[in-house]
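Engineer: Structure file target.csv (CSV, C-alpha atoms and all ligand atoms) is given on the next line.
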chain,number,residue,atom,x,y,z
A,1,MET,CA,-12.7,-13.2,-24.9
A,2,GLY,CA,-14.7,-16.4,-25.0
A,3,THR,CA,-17.1,-18.0,-27.4
A,4,THR,CA,-17.3,-16.5,-30.9
A,5,GLU,CA,-20.6,-15.1,-32.0
A,6,THR,CA,-20.6,-16.9,-35.3
A,7,ASP,CA,-20.0,-20.4,-34.3
A,8,PRO,CA,-21.0,-21.3,-30.7
A,9,SER,CA,-19.1,-24.6,-30.9
A,10,VAL,CA,-15.8,-22.9,-31.3
A,11,THR,CA,-14.2,-21.2,-28.3
A,12,VAL,CA,-11.5,-18.6,-28.6
A,13,ASN,CA,-8.9,-18.8,-25.8
A,14,GLU,CA,-6.8,-15.6,-25.8
A,15,THR,CA,-3.8,-15.4,-23.6
A,16,LEU,CA,-2.1,-12.0,-23.3
A,17,ALA,CA,1.6,-12.1,-23.9
A,18,SER,CA,3.3,-11.5,-20.6
A,19,ARG,CA,6.3,-12.6,-18.7
A,20,VAL,CA,5.5,-13.3,-15.0
A,21,LEU,CA,8.1,-13.6,-12.3
A,22,ILE,CA,6.8,-14.9,-9.0
A,23,GLY,CA,8.4,-15.6,-5.7
A,24,ARG,CA,9.9,-14.1,-2.6
A,25,GLY,CA,12.6,-11.6,-3.4
A,26,ALA,CA,11.4,-11.2,-7.0
A,27,VAL,CA,11.4,-7.4,-6.6
A,28,GLY,CA,15.2,-7.7,-6.6
A,29,GLN,CA,15.0,-8.6,-10.3
A,30,VAL,CA,12.9,-5.7,-11.5
A,31,ALA,CA,15.9,-3.7,-12.6
A,32,ASP,CA,17.2,-6.7,-14.6
A,33,GLU,CA,13.8,-6.9,-16.3
A,34,ALA,CA,14.1,-3.3,-17.3
A,35,ALA,CA,17.5,-4.0,-18.8
A,36,ARG,CA,16.0,-7.0,-20.6
A,37,LEU,CA,13.5,-4.6,-22.2
A,38,ASP,CA,16.5,-2.4,-23.2
A,39,ALA,CA,14.9,0.4,-21.2
A,40,ARG,CA,17.2,3.4,-20.8
A,41,ARG,CA,15.0,6.0,-19.1
A,42,VAL,CA,12.6,4.4,-16.6
A,43,LEU,CA,9.6,6.3,-15.0
A,44,LEU,CA,8.9,4.7,-11.6
A,45,VAL,CA,5.3,5.1,-10.4
A,46,SER,CA,4.6,4.0,-6.8
A,47,THR,CA,2.3,4.6,-3.9
A,48,PRO,CA,3.5,5.8,-0.5
A,49,SER,CA,2.6,2.2,0.8
A,50,ALA,CA,5.3,0.8,-1.6
A,51,ALA,CA,8.0,3.4,-0.8
A,52,THR,CA,10.5,1.0,0.6
A,53,ALA,CA,10.2,-1.3,-2.4
A,54,ALA,CA,10.3,1.7,-4.8
A,55,ASP,CA,13.5,3.0,-3.1
A,56,ARG,CA,15.1,-0.4,-3.6
A,57,VAL,CA,14.1,-0.6,-7.3
A,58,SER,CA,15.4,3.0,-7.8
A,59,ALA,CA,18.7,2.1,-6.4
A,60,ALA,CA,19.0,-1.0,-8.5
A,61,LEU,CA,18.0,0.9,-11.7
A,62,GLY,CA,20.9,3.4,-11.1
A,63,ALA,CA,21.4,5.4,-14.3
A,64,ARG,CA,18.3,3.9,-15.9
A,65,LEU,CA,16.0,5.8,-13.5
A,66,ALA,CA,14.7,8.9,-15.3
A,67,GLY,CA,12.1,10.0,-12.7
A,68,ARG,CA,9.7,9.0,-10.0
A,69,PHE,CA,6.0,9.7,-9.5
A,70,GLY,CA,4.7,9.0,-6.1
A,71,ARG,CA,1.1,10.1,-6.1
A,72,PRO,CA,-1.2,7.8,-8.0
A,73,VAL,CA,-4.9,8.4,-7.1
A,74,LYS,CA,-7.7,5.9,-7.1
A,75,HIS,CA,-9.8,5.6,-10.3
A,76,VAL,CA,-7.0,7.2,-12.3
A,77,PRO,CA,-8.1,10.8,-12.7
A,78,VAL,CA,-6.9,12.2,-16.1
A,79,GLU,CA,-5.4,15.3,-14.3
A,80,VAL,CA,-3.0,13.0,-12.4
A,81,THR,CA,-2.1,11.1,-15.6
A,82,ALA,CA,-1.4,14.5,-17.2
A,83,GLU,CA,1.1,15.3,-14.3
A,84,ALA,CA,2.8,11.9,-14.9
A,85,MET,CA,2.9,12.6,-18.7
A,86,THR,CA,4.7,15.9,-18.0
A,87,LEU,CA,7.3,13.9,-16.2
A,88,VAL,CA,7.5,11.5,-19.1
A,89,GLU,CA,8.1,14.3,-21.5
A,90,ASP,CA,10.6,16.2,-19.3
A,91,THR,CA,12.6,13.0,-18.7
A,92,GLY,CA,12.3,11.3,-22.1
A,93,ALA,CA,11.1,8.2,-20.3
A,94,ASP,CA,10.9,5.0,-22.5
A,95,CYS,CA,9.5,2.5,-19.9
A,96,VAL,CA,7.2,2.6,-17.0
A,97,ILE,CA,7.4,0.5,-13.8
A,98,GLU,CA,4.5,0.7,-11.4
A,99,ILE,CA,4.6,-0.6,-7.8
A,100,GLY,CA,1.5,-0.6,-5.7
A,101,GLY,CA,-2.2,-1.6,-5.7
A,102,GLY,CA,-4.7,-1.3,-8.6
A,103,SER,CA,-4.5,2.5,-8.5
A,104,ALA,CA,-0.7,2.6,-9.2
A,105,ILE,CA,-1.1,-0.1,-11.9
A,106,GLY,CA,-3.9,1.9,-13.4
A,107,LEU,CA,-1.7,5.0,-13.7
A,108,GLY,CA,1.1,2.9,-15.3
A,109,LYS,CA,-1.5,1.6,-17.8
A,110,ALA,CA,-2.8,5.1,-18.5
A,111,VAL,CA,0.8,6.2,-19.3
A,112,ALA,CA,1.3,3.2,-21.6
A,113,ARG,CA,-2.0,4.0,-23.3
A,114,ARG,CA,-0.7,7.4,-24.2
A,115,THR,CA,2.9,6.4,-25.1
A,116,GLY,CA,2.9,2.7,-26.1
A,117,MET,CA,5.9,2.3,-23.8
A,118,PRO,CA,6.7,-1.1,-22.2
A,119,GLN,CA,5.5,-1.6,-18.7
A,120,ILE,CA,6.6,-3.7,-15.7
A,121,ALA,CA,3.9,-4.1,-13.1
A,122,VAL,CA,4.8,-4.9,-9.5
A,123,PRO,CA,1.4,-5.5,-7.7
A,124,THR,CA,1.2,-5.2,-3.9
A,125,THR,CA,-2.5,-6.1,-3.6
A,126,TYR,CA,-4.7,-8.8,-5.1
A,127,SER,CA,-6.6,-6.4,-7.5
A,128,GLY,CA,-5.6,-8.3,-10.7
A,129,SER,CA,-5.4,-5.2,-12.8
A,130,GLU,CA,-1.9,-6.1,-13.9
A,131,THR,CA,-3.3,-9.1,-15.9
A,132,THR,CA,-5.8,-7.2,-18.0
A,133,ALA,CA,-5.8,-5.1,-21.2
A,134,VAL,CA,-8.3,-2.6,-19.7
A,135,VAL,CA,-7.7,0.7,-18.0
A,136,GLY,CA,-10.4,2.7,-16.2
A,137,GLU,CA,-9.9,6.5,-16.2
A,138,THR,CA,-11.9,9.2,-14.6
A,139,GLU,CA,-12.7,12.6,-16.2
A,140,ASN,CA,-15.1,15.1,-14.6
A,141,GLY,CA,-16.2,12.4,-12.2
A,142,VAL,CA,-17.1,9.9,-15.0
A,143,LYS,CA,-15.1,6.7,-15.1
A,144,THR,CA,-14.7,5.2,-18.6
A,145,THR,CA,-12.9,2.0,-19.4
A,146,HIS,CA,-10.6,1.6,-22.4
A,147,HIS,CA,-9.6,-1.7,-23.9
A,148,ALA,CA,-6.2,-1.9,-25.7
A,149,LEU,CA,-3.5,-4.5,-25.9
A,150,ALA,CA,-0.9,-1.7,-25.3
A,151,VAL,CA,-2.2,-1.2,-21.8
A,152,ALA,CA,-1.5,-4.8,-20.6
A,153,PRO,CA,1.8,-4.9,-18.8
A,154,GLY,CA,4.2,-7.1,-20.7
A,155,THR,CA,6.1,-8.0,-17.5
A,156,ILE,CA,4.6,-8.7,-14.1
A,157,VAL,CA,6.7,-9.2,-10.9
A,158,TYR,CA,4.8,-10.8,-8.0
A,159,ASP,CA,6.8,-10.7,-4.8
A,160,PRO,CA,4.7,-11.9,-1.8
A,161,ASP,CA,7.1,-10.0,0.6
A,162,LEU,CA,5.5,-6.8,-0.7
A,163,THR,CA,2.1,-7.9,0.5
A,164,LEU,CA,3.3,-8.6,4.1
A,165,THR,CA,2.4,-5.0,5.0
A,166,MET,CA,-1.2,-5.2,3.9
A,167,PRO,CA,-3.4,-4.6,7.0
A,168,PRO,CA,-6.0,-7.3,7.8
A,169,GLY,CA,-8.9,-5.4,6.4
A,170,LEU,CA,-7.2,-4.8,3.0
A,171,THR,CA,-6.0,-8.4,3.0
A,172,ARG,CA,-9.5,-9.7,3.4
A,173,THR,CA,-11.3,-7.4,1.1
A,174,SER,CA,-8.6,-7.4,-1.7
A,175,ALA,CA,-8.7,-11.3,-1.6
A,176,VAL,CA,-12.5,-11.4,-1.7
A,177,ASN,CA,-12.4,-8.9,-4.6
A,178,SER,CA,-10.0,-11.3,-6.3
A,179,LEU,CA,-12.3,-14.2,-5.6
A,180,ALA,CA,-15.1,-12.3,-7.3
A,181,HIS,CA,-13.1,-12.4,-10.6
A,182,ALA,CA,-13.0,-16.2,-10.3
A,183,VAL,CA,-16.7,-16.5,-9.4
A,184,GLU,CA,-17.8,-14.3,-12.2
A,185,ALA,CA,-15.6,-16.3,-14.6
A,186,LEU,CA,-17.3,-19.6,-13.6
A,187,TRP,CA,-20.8,-18.3,-14.4
A,188,SER,CA,-19.9,-16.2,-17.4
A,189,PRO,CA,-21.3,-17.1,-20.9
A,190,ASP,CA,-17.7,-16.6,-22.1
A,191,ALA,CA,-16.4,-19.5,-19.8
A,192,THR,CA,-14.0,-21.9,-21.5
A,193,MET,CA,-12.1,-24.9,-20.3
A,194,LEU,CA,-9.2,-22.6,-19.6
A,195,SER,CA,-11.1,-20.0,-17.6
A,196,ASP,CA,-12.9,-22.7,-15.7
A,197,ALA,CA,-9.6,-24.3,-14.8
A,198,LEU,CA,-8.0,-21.0,-13.7
A,199,ALA,CA,-11.1,-19.9,-11.8
A,200,THR,CA,-11.5,-23.2,-9.9
A,201,GLU,CA,-7.8,-23.3,-9.0
A,202,SER,CA,-7.8,-19.7,-7.9
A,203,ALA,CA,-11.0,-19.9,-5.9
A,204,ALA,CA,-9.5,-23.0,-4.1
A,205,GLY,CA,-6.2,-21.1,-3.5
A,206,ILE,CA,-7.9,-18.0,-2.1
A,207,LEU,CA,-10.3,-19.8,0.1
A,208,THR,CA,-7.6,-22.0,1.7
A,209,ALA,CA,-4.9,-19.4,1.9
A,210,LEU,CA,-6.9,-16.4,3.1
A,211,PRO,CA,-7.9,-17.8,6.5
A,212,GLU,CA,-4.3,-18.9,7.0
A,213,VAL,CA,-3.1,-15.4,6.1
A,214,LEU,CA,-5.6,-13.7,8.3
A,215,ALA,CA,-4.5,-15.8,11.2
A,216,ASP,CA,-0.8,-15.2,10.5
A,217,PRO,CA,-0.5,-12.0,8.3
A,218,THR,CA,3.3,-12.1,8.0
A,219,GLY,CA,3.5,-15.8,7.3
A,220,PRO,CA,5.3,-15.8,3.9
A,221,ASP,CA,4.0,-19.2,2.7
A,222,GLY,CA,0.3,-18.2,3.0
A,223,ARG,CA,1.0,-14.8,1.5
A,224,ALA,CA,2.8,-16.5,-1.5
A,225,ARG,CA,-0.1,-18.9,-2.1
A,226,LEU,CA,-2.7,-16.1,-1.8
A,227,LEU,CA,-0.8,-13.9,-4.3
A,228,SER,CA,-0.4,-16.8,-6.8
A,229,ALA,CA,-4.1,-17.5,-6.5
A,230,ALA,CA,-4.9,-13.9,-7.1
A,231,TRP,CA,-2.8,-14.0,-10.3
A,232,LEU,CA,-4.9,-16.8,-11.6
A,233,SER,CA,-8.1,-15.0,-10.8
A,234,GLY,CA,-6.8,-11.9,-12.5
A,235,LEU,CA,-6.2,-14.0,-15.6
A,236,CYS,CA,-9.9,-15.0,-15.5
A,237,LEU,CA,-10.8,-11.4,-15.5
A,238,SER,CA,-8.8,-10.9,-18.7
A,239,LYS,CA,-10.7,-13.7,-20.4
A,240,ILE,CA,-14.4,-13.1,-19.7
A,241,ARG,CA,-17.0,-10.3,-19.7
A,242,THR,CA,-18.1,-9.8,-16.1
A,243,GLY,CA,-21.7,-10.1,-15.0
A,244,LEU,CA,-24.1,-8.7,-12.4
A,245,HIS,CA,-21.5,-8.6,-9.6
A,246,HIS,CA,-19.1,-6.3,-11.4
A,247,GLN,CA,-22.0,-4.3,-12.9
A,248,LEU,CA,-23.4,-3.5,-9.4
A,249,ALA,CA,-19.8,-2.6,-8.2
A,250,HIS,CA,-19.3,-0.3,-11.2
A,251,VAL,CA,-22.7,1.4,-10.9
A,252,LEU,CA,-22.6,1.8,-7.1
A,253,GLY,CA,-18.8,2.6,-7.0
A,254,GLY,CA,-19.2,5.2,-9.7
A,255,ALA,CA,-22.4,6.9,-8.3
A,256,TYR,CA,-21.2,7.1,-4.7
A,257,ASP,CA,-17.3,7.0,-5.0
A,258,LEU,CA,-17.1,3.8,-2.8
A,259,PRO,CA,-13.9,1.9,-1.8
A,260,HIS,CA,-13.4,-0.7,-4.5
A,261,ALA,CA,-12.4,-3.9,-2.5
A,262,GLU,CA,-14.8,-3.3,0.4
A,263,LEU,CA,-17.7,-2.8,-2.0
A,264,HIS,CA,-16.9,-6.0,-3.9
A,265,THR,CA,-16.6,-7.9,-0.6
A,266,LEU,CA,-19.9,-6.9,0.8
A,267,LEU,CA,-21.8,-7.5,-2.5
A,268,LEU,CA,-20.3,-10.9,-3.5
A,269,PRO,CA,-22.4,-13.2,-1.2
A,270,HIS,CA,-25.6,-11.4,-2.2
A,271,VAL,CA,-24.9,-11.8,-5.9
A,272,MET,CA,-23.9,-15.5,-5.3
A,273,ARG,CA,-27.2,-16.1,-3.5
A,274,PHE,CA,-29.0,-14.5,-6.5
A,275,ASN,CA,-27.0,-16.2,-9.3
A,276,LEU,CA,-25.9,-19.6,-8.2
A,277,PRO,CA,-29.3,-21.3,-8.5
A,278,SER,CA,-29.3,-20.3,-12.2
A,279,ALA,CA,-25.6,-21.4,-12.7
A,280,PRO,CA,-25.5,-25.1,-11.7
A,281,ALA,CA,-22.0,-25.8,-13.1
A,282,ALA,CA,-20.5,-22.8,-11.3
A,283,ALA,CA,-22.4,-23.8,-8.1
A,284,SER,CA,-21.1,-27.4,-8.2
A,285,ARG,CA,-17.5,-26.3,-8.8
A,286,LEU,CA,-17.7,-23.8,-5.9
A,287,ALA,CA,-19.4,-26.4,-3.7
A,288,ARG,CA,-16.5,-28.8,-4.4
A,289,VAL,CA,-14.0,-26.0,-3.6
A,290,THR,CA,-15.6,-24.9,-0.3
A,291,GLY,CA,-16.8,-28.4,0.8
A,292,GLY,CA,-20.2,-26.9,1.7
A,293,ASP,CA,-22.4,-24.0,0.8
A,294,PRO,CA,-20.2,-21.5,-1.2
A,295,THR,CA,-22.5,-18.6,-0.5
A,296,GLU,CA,-22.3,-19.1,3.2
A,297,THR,CA,-18.5,-19.5,3.1
A,298,VAL,CA,-18.1,-16.2,1.3
A,299,ALA,CA,-20.8,-14.5,3.5
A,300,ALA,CA,-18.9,-15.5,6.6
A,301,LEU,CA,-15.6,-14.1,5.2
A,302,ALA,CA,-17.4,-10.8,4.2
A,303,ARG,CA,-19.2,-10.5,7.6
A,304,ALA,CA,-16.0,-10.8,9.6
A,305,HIS,CA,-14.5,-7.6,8.0
A,306,ASP,CA,-13.6,-5.0,10.6
A,307,GLY,CA,-14.7,-2.2,8.3
A,308,PRO,CA,-18.0,-1.4,6.4
A,309,THR,CA,-20.0,-4.6,5.7
A,310,ARG,CA,-23.3,-3.1,4.5
A,311,LEU,CA,-24.2,-0.5,1.8
A,312,SER,CA,-25.7,1.6,4.6
A,313,ASP,CA,-22.2,1.7,6.3
A,314,LEU,CA,-20.9,3.2,3.1
A,315,GLY,CA,-23.5,5.9,3.1
A,316,VAL,CA,-25.5,4.7,0.1
A,317,PRO,CA,-29.0,6.1,0.5
A,318,ARG,CA,-31.7,3.4,0.7
A,319,ALA,CA,-34.2,5.5,-1.2
A,320,GLU,CA,-31.9,5.4,-4.3
A,321,LEU,CA,-31.5,1.6,-4.4
A,322,ARG,CA,-34.4,1.2,-6.9
A,323,ASP,CA,-32.8,3.8,-9.2
A,324,VAL,CA,-29.5,1.8,-9.1
A,325,ALA,CA,-31.5,-1.4,-10.0
A,326,GLU,CA,-33.2,0.4,-12.9
A,327,ARG,CA,-29.8,1.5,-14.3
A,328,VAL,CA,-28.5,-2.1,-14.0
A,329,VAL,CA,-31.6,-3.6,-15.7
A,330,ALA,CA,-31.6,-1.0,-18.5
A,331,ALA,CA,-28.4,-2.5,-19.9
A,332,PRO,CA,-27.5,-5.6,-18.1
A,333,TYR,CA,-24.0,-7.2,-18.3
A,334,PRO,CA,-24.1,-10.9,-19.4
A,335,ASN,CA,-25.4,-12.8,-16.3
A,336,PRO,CA,-26.8,-16.3,-15.7
A,337,ARG,CA,-30.0,-15.0,-14.2
A,338,GLN,CA,-31.9,-12.3,-16.0
A,339,PRO,CA,-32.1,-9.4,-13.5
A,340,THR,CA,-35.4,-7.6,-13.0
A,341,VAL,CA,-35.8,-4.2,-11.2
A,342,ASP,CA,-37.7,-5.9,-8.3
A,343,ALA,CA,-35.2,-8.7,-7.9
A,344,VAL,CA,-32.1,-6.4,-8.0
A,345,THR,CA,-33.8,-3.9,-5.7
A,346,GLU,CA,-34.4,-6.8,-3.2
A,347,LEU,CA,-30.7,-7.9,-3.6
A,348,LEU,CA,-29.5,-4.3,-2.9
A,349,ASN,CA,-31.9,-4.0,0.1
A,350,GLU,CA,-30.4,-7.2,1.6
A,351,ALA,CA,-26.9,-5.7,1.0
A,352,TRP,CA,-28.0,-2.4,2.6
B,401,LIG,P1,-5.6,0.7,-4.3
B,401,LIG,O1,-4.5,0.6,-5.3
B,401,LIG,O2,-6.3,2.0,-4.3
B,401,LIG,O3,-5.0,0.5,-2.8
B,401,LIG,C1,-5.8,0.6,-1.7
B,401,LIG,C2,-5.0,1.1,-0.5
B,401,LIG,O4,-4.1,0.2,-0.1
B,401,LIG,C3,-4.1,2.4,-0.9
B,401,LIG,O5,-4.2,3.3,0.2
B,401,LIG,C4,-2.7,1.8,-1.1
B,401,LIG,O6,-1.7,2.7,-0.8
B,401,LIG,C5,-2.7,0.7,0.0
B,401,LIG,N1,-1.8,-0.5,-0.3
B,401,LIG,C6,-1.6,-1.1,-1.4
B,401,LIG,N2,-0.8,-2.1,-1.3
B,401,LIG,C7,-0.4,-2.1,0.0
B,401,LIG,C8,0.4,-3.0,0.8
B,401,LIG,N3,1.1,-4.0,0.3
B,401,LIG,N4,0.5,-2.7,2.1
B,401,LIG,C9,-0.2,-1.7,2.7
B,401,LIG,N5,-1.0,-0.9,2.0
B,401,LIG,C10,-1.1,-1.1,0.7
B,401,LIG,O7,-6.7,-0.4,-4.4
B,401,LIG,P2,-6.8,-1.9,-5.0
B,401,LIG,O8,-7.9,-2.5,-4.4
B,401,LIG,O9,-5.4,-2.5,-5.1
B,401,LIG,O10,-7.1,-1.5,-6.5
B,401,LIG,C11,-8.4,-1.0,-6.8
B,401,LIG,C12,-8.3,-0.2,-8.1
B,401,LIG,O11,-7.9,-1.1,-9.2
B,401,LIG,C13,-9.7,0.3,-8.5
B,401,LIG,O12,-9.6,1.6,-9.0
B,401,LIG,C14,-10.1,-0.7,-9.6
B,401,LIG,O13,-11.0,-0.1,-10.5
B,401,LIG,C15,-8.8,-1.0,-10.3
B,401,LIG,N6,-8.8,-2.3,-11.0
B,401,LIG,C16,-8.7,-2.3,-12.3
B,401,LIG,C17,-8.7,-3.4,-13.1
B,401,LIG,C18,-8.6,-3.4,-14.5
B,401,LIG,O14,-8.5,-4.5,-15.2
B,401,LIG,N7,-8.4,-2.3,-15.2
B,401,LIG,C19,-8.9,-4.7,-12.4
B,401,LIG,C20,-9.0,-4.6,-11.0
B,401,LIG,C21,-9.0,-3.4,-10.3
Please, can you express the file's structure as structure tokens?
Ligand code: NAD

Structural biologist:
Amino acid sequence: MGTTETDPSVTVNETLASRVLIGRGAVGQVADEAARLDARRVLLVSTPSAATAADRVSAALGARLAGRFGRPVKHVPVEVTAEAMTLVEDTGADCVIEIGGGSAIGLGKAVARRTGMPQIAVPTTYSGSETTAVVGETENGVKTTHHALAVAPGTIVYDPDLTLTMPPGLTRTSAVNSLAHAVEALWSPDATMLSDALATESAAGILTALPEVLADPTGPDGRARLLSAAWLSGLCLSKIRTGLHHQLAHVLGGAYDLPHAELHTLLLPHVMRFNLPSAPAAASRLARVTGGDPTETVAALARAHDGPTRLSDLGVPRAELRDVAERVVAAPYPNPRQPTVDAVTELLNEAW
């Protein structure tokens, strides 16, 4: 976390202990990483979208593979974790490897939370979950986040080749979701020199690599730069408390069960328009990165999505926007501009 409460002139710069492998073909080293951890009974969690990579890792693990779980579900429902835990107990697993987007990584973290076992995360999107010590879990429709060092994967393997299959819509929205971590870090009251550096570099990387990747989705160089930039923005997320943008995403996502990356993408330009006039340092860094109006740059990226681009497209009832604003204002996340019910309702109406 950032600035201490006792002495505002002292900043605390915490970096989670993790070993990060990054590069084309890195997935070929996952089994060696398991051996390095002295894992003998590996549970492999993967989504169907990562089946090919998971088959490859299974073959390389050989006798170290204890079991496979192929059905992670978004928002990490506790019933699904219970199924995975049965497999852990039946197989005597001592390590979990998760391959996939934030949902697969969330399940790996939930297993680590219950067992303390070491984790190797192999992300296939830009969600950034692998870099944080937070896991969100859903029980009876209520999502709760848990903070514990034991849930942060100790090893992360980024292989851009695993992202080549991301369809254009997921590529765009997952990258803008990642950009949102950097933007929130820049205007966070927890910002430090380290988070500013990470956020500025990652925003620059995402905003230059994303258009290139959208023009050439299987170009490995652009994919590699985008994944590296997403790693840095994930690190920002691990260092700061998020603000209004993430609060809106949490409240709306939780209330209406909305798709995570698409929701972040459609909200971000609206929150930037709302916050940046009150966050001059963040605004000037982003203006340098974009070479123009940062809100307009992000709005253009968001508008061009070939899926839902408005809250109305996602089925959010307009009549309930004021209730959402009231919930946000009742306990606001730290944010550069104090939200009021009228102002947040107006922001949501614009996004609607
Ligand atoms: P996701 O993992 O649900 O994946 C979205 C879809 O894309 C799925 O259908 C998946 O199978 C598919 N997919 C993933 N990788 C692919 C690839 N390379 N090619 C083709 N298809 C692919 O979504 P996400 O956006 O990666 O993650 C969102 C989740 O992560 C949310 O639940 C969010 O709350 C969580 N998250 C948690 C943290 C944290 O710190 N705890 C941080 C960020 C996100």

Engineer: Could you pull out the residues sitting within 6 Å of ligand LIG 401 (chain B), using only C-alpha atoms and all ligand atoms, and write them as a ChimeraX atom specification?

Structural biologist: /A:47,49,74-75,100-104,124-125,127-129,132,134-136,162-163,165-166,174,260-261

Engineer: Up to 8 Å from (-9.4, -3.6, 9.7) in the file's coordinates: name the residues, counting all atoms listed in the file, as a tab-separated table (two decimals) with C-alpha atoms, in the coordinates of the input.

Structural biologist:
chain	number	residue	atom	x	y	z
A	167	PRO	CA	-3.40	-4.60	7.00
A	168	PRO	CA	-6.00	-7.30	7.80
A	169	GLY	CA	-8.90	-5.40	6.40
A	170	LEU	CA	-7.20	-4.80	3.00
A	305	HIS	CA	-14.50	-7.60	8.00
A	306	ASP	CA	-13.60	-5.00	10.60
A	307	GLY	CA	-14.70	-2.20	8.30

Engineer: For Arg223 (chain A), which residue among A:Pro294, A:Pro334, A:Gly205, A:Pro277 is the nearest when counting only C-alpha atoms?

Structural biologist: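 The closest residue to Arg223 (chain A) is A:Gly205.
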
Engineer: Closest to Pro189 (chain A) among A:Ala152, A:Ala279, A:Ala133, A:Ala112, using only C-alpha atoms?

Structural biologist: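 Answer, going by the shortest atom-to-atom distance: A:Ala279.
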
Engineer: Rank nothing, just name the residue among A:Ser178, A:Thr86, A:Thr171, A:Ser195 nearest to Leu210 (chain A), using only C-alpha atoms.

Structural biologist: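 Checking each of A:Ser178, A:Thr86, A:Thr171, A:Ser195 against Leu210 (chain A), counting only C-alpha atoms, the winner is A:Thr171.
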